[in-house]
Amino acid sequence: MPITDLELVSLVLQKDDKAFEKILERYKDKAFSLLVGILKNKSIAEDALQDSFVKVYFALSTFKGESSFSTWIYSIVFNTGLTYAKRKNIFNKRHIAIEDGFEIEDKKSKSDFFENEKSKLLIELINLLPEKFSSIIILFYMEELSLEEISKISGLTISNIKILLHRGRIQLKKIADKHKLTIEDF
C-alpha cells in the first residue's frame, strides 16, 4: 500500500530526506505543467519549480491539514509562478516551445504514442491562452482539482473560476479553429 502524503510529511519533519524525494516525484510533473501554463516558458518554469519545492520543504512544518496536501502544494506552486511572472514581466510575452524531437519507449504502443502526442498538442494550445485562463484550465481539467480547491489555490471566488473556465474554453476553441483542429482531434 502506498505511503500517504501525510505520512511522507511526518517523515520529512523527522529529517527523512528520502520521504521528500517521494513528495517531489509525486508532484513535480503536475506542478511543472501548472508552471508552464502560467509562465509560458519551460526554462523559467524549471527555475520556478525548483524554487517552489524549496519553499514546500521549508514550509512543511506549517502544513495544518486544513486542505488536502496537493491543494497546499499547488497553492505554493501557483503563487511562486505568479511571482516569477511578475518578476520576469512575462505576462505580455508569448514564448512557445514545441518539442522538436520525441522518443517512443519500447513498452508503449502506437496508440499510447499518439495519445501522448495529442496531449502535448493540447498543452501547447493551452499555453497559447493568456495566463489567467491557462492556469485555471490546467488546474481544473488536467490536474482534476475541484472548483473549491482551485479557489483555495488561486484566491479567486468559485464564480470567477467558472467565468474564467467558460471564457478560457471559448478562447481555446478559437485557437483550435485557427489551427484547423477540432475537439475530436483530442
# chains A, B, ... in the order shown; residues from 1 in each chain; ligands from 1
>>> residues_around(residues="Ile137 (chain A)", least_positions_apart="6", cutoff="10 Å", atoms="only C-alpha atoms", output="PyMOL selection string")
chain A and resi 34+37+126+129+131+143-145+161+164-166+168-169+172
>>> closest_atom_pairs(of="region 17-51 of chain A", to="region 133-136 of chain A", cutoff="10 Å", atoms="only C-alpha atoms", output="CSV")
residue,atom,partner,partner_atom,distance
A:Ser33,CA,A:Ser135,CA,9.1
A:Leu34,CA,A:Ser135,CA,6.2
A:Leu35,CA,A:Ser135,CA,8.0
A:Val36,CA,A:Ser135,CA,8.7
A:Gly37,CA,A:Ser135,CA,5.4
A:Ile38,CA,A:Ser135,CA,5.6
A:Leu39,CA,A:Ser135,CA,9.4
A:Lys40,CA,A:Ser134,CA,9.5
>>> residues_around(residues="Ser61 (chain A)", least_positions_apart="5", cutoff="12 Å", atoms="only C-alpha atoms", output="number ranges by chain")
A: 6, 9-15, 55-56
>>> write_last_selection(atoms="C-alpha atoms", output="mmCIF file, in the first residue's frame")
data_model
loop_
_atom_site.group_PDB
_atom_site.id
_atom_site.type_symbol
_atom_site.label_atom_id
_atom_site.label_comp_id
_atom_site.auth_asym_id
_atom_site.auth_seq_id
_atom_site.Cartn_x
_atom_site.Cartn_y
_atom_site.Cartn_z
ATOM 1 C CA LEU A 6 0.605 12.972 5.493
ATOM 2 C CA VAL A 9 5.208 14.941 5.598
ATOM 3 C CA SER A 10 5.679 13.384 9.021
ATOM 4 C CA LEU A 11 8.782 11.540 7.838
ATOM 5 C CA VAL A 12 10.258 14.688 6.262
ATOM 6 C CA LEU A 13 9.712 16.565 9.516
ATOM 7 C CA GLN A 14 11.718 13.784 11.174
ATOM 8 C CA LYS A 15 14.565 14.632 8.746
ATOM 9 C CA LYS A 55 9.527 26.682 -0.372
ATOM 10 C CA VAL A 56 7.493 23.499 0.158
#
>>> residues_around(residues="Ile150 (chain A)", least_positions_apart="2", cutoff="8 Å", atoms="only C-alpha atoms", output="list in words")
Thr71, Ile136, Leu139, Phe140, Leu145, Ser146, Leu147, Glu148, Lys152, Ile153, Ser154, Gly155, Leu156 and Ile161 of chain A
>>> closest_residue(among="A:Thr4, A:Asn127, A:Asn160, A:Gln171", to="Ser68 (chain A)", atoms="only C-alpha atoms")
A:Thr4
>>> closest_residue(among="A:Leu49, A:Met142, A:Lys132, A:Ala59", to="Ser119 (chain A)", atoms="only C-alpha atoms")
A:Met142
>>> select_by_dssp(residues="region 1-178 of chain A", states="helix (DSSP H, G or I)", output="JSON, numbers by chain")
{"A": [5, 6, 7, 8, 9, 10, 11, 12, 13, 17, 18, 19, 20, 21, 22, 23, 24, 25, 26, 27, 28, 29, 30, 31, 32, 33, 34, 35, 36, 37, 38, 39, 42, 43, 44, 45, 46, 47, 48, 49, 50, 51, 52, 53, 54, 55, 56, 57, 58, 59, 60, 61, 62, 69, 70, 71, 72, 73, 74, 75, 76, 77, 78, 79, 80, 81, 82, 83, 84, 85, 86, 87, 88, 110, 111, 112, 113, 114, 115, 116, 117, 118, 119, 120, 121, 122, 123, 124, 125, 126, 127, 131, 132, 133, 134, 135, 136, 137, 138, 139, 140, 141, 142, 147, 148, 149, 150, 151, 152, 153, 154, 158, 159, 160, 161, 162, 163, 164, 165, 166, 167, 168, 169, 170, 171, 172, 173, 174, 175, 176, 177, 178]}
>>> residues_around(residues="Ser52 (chain A)", least_positions_apart="5", cutoff="7 Å", atoms="only C-alpha atoms", output="PyMOL selection string")
chain A and resi 76-77+80
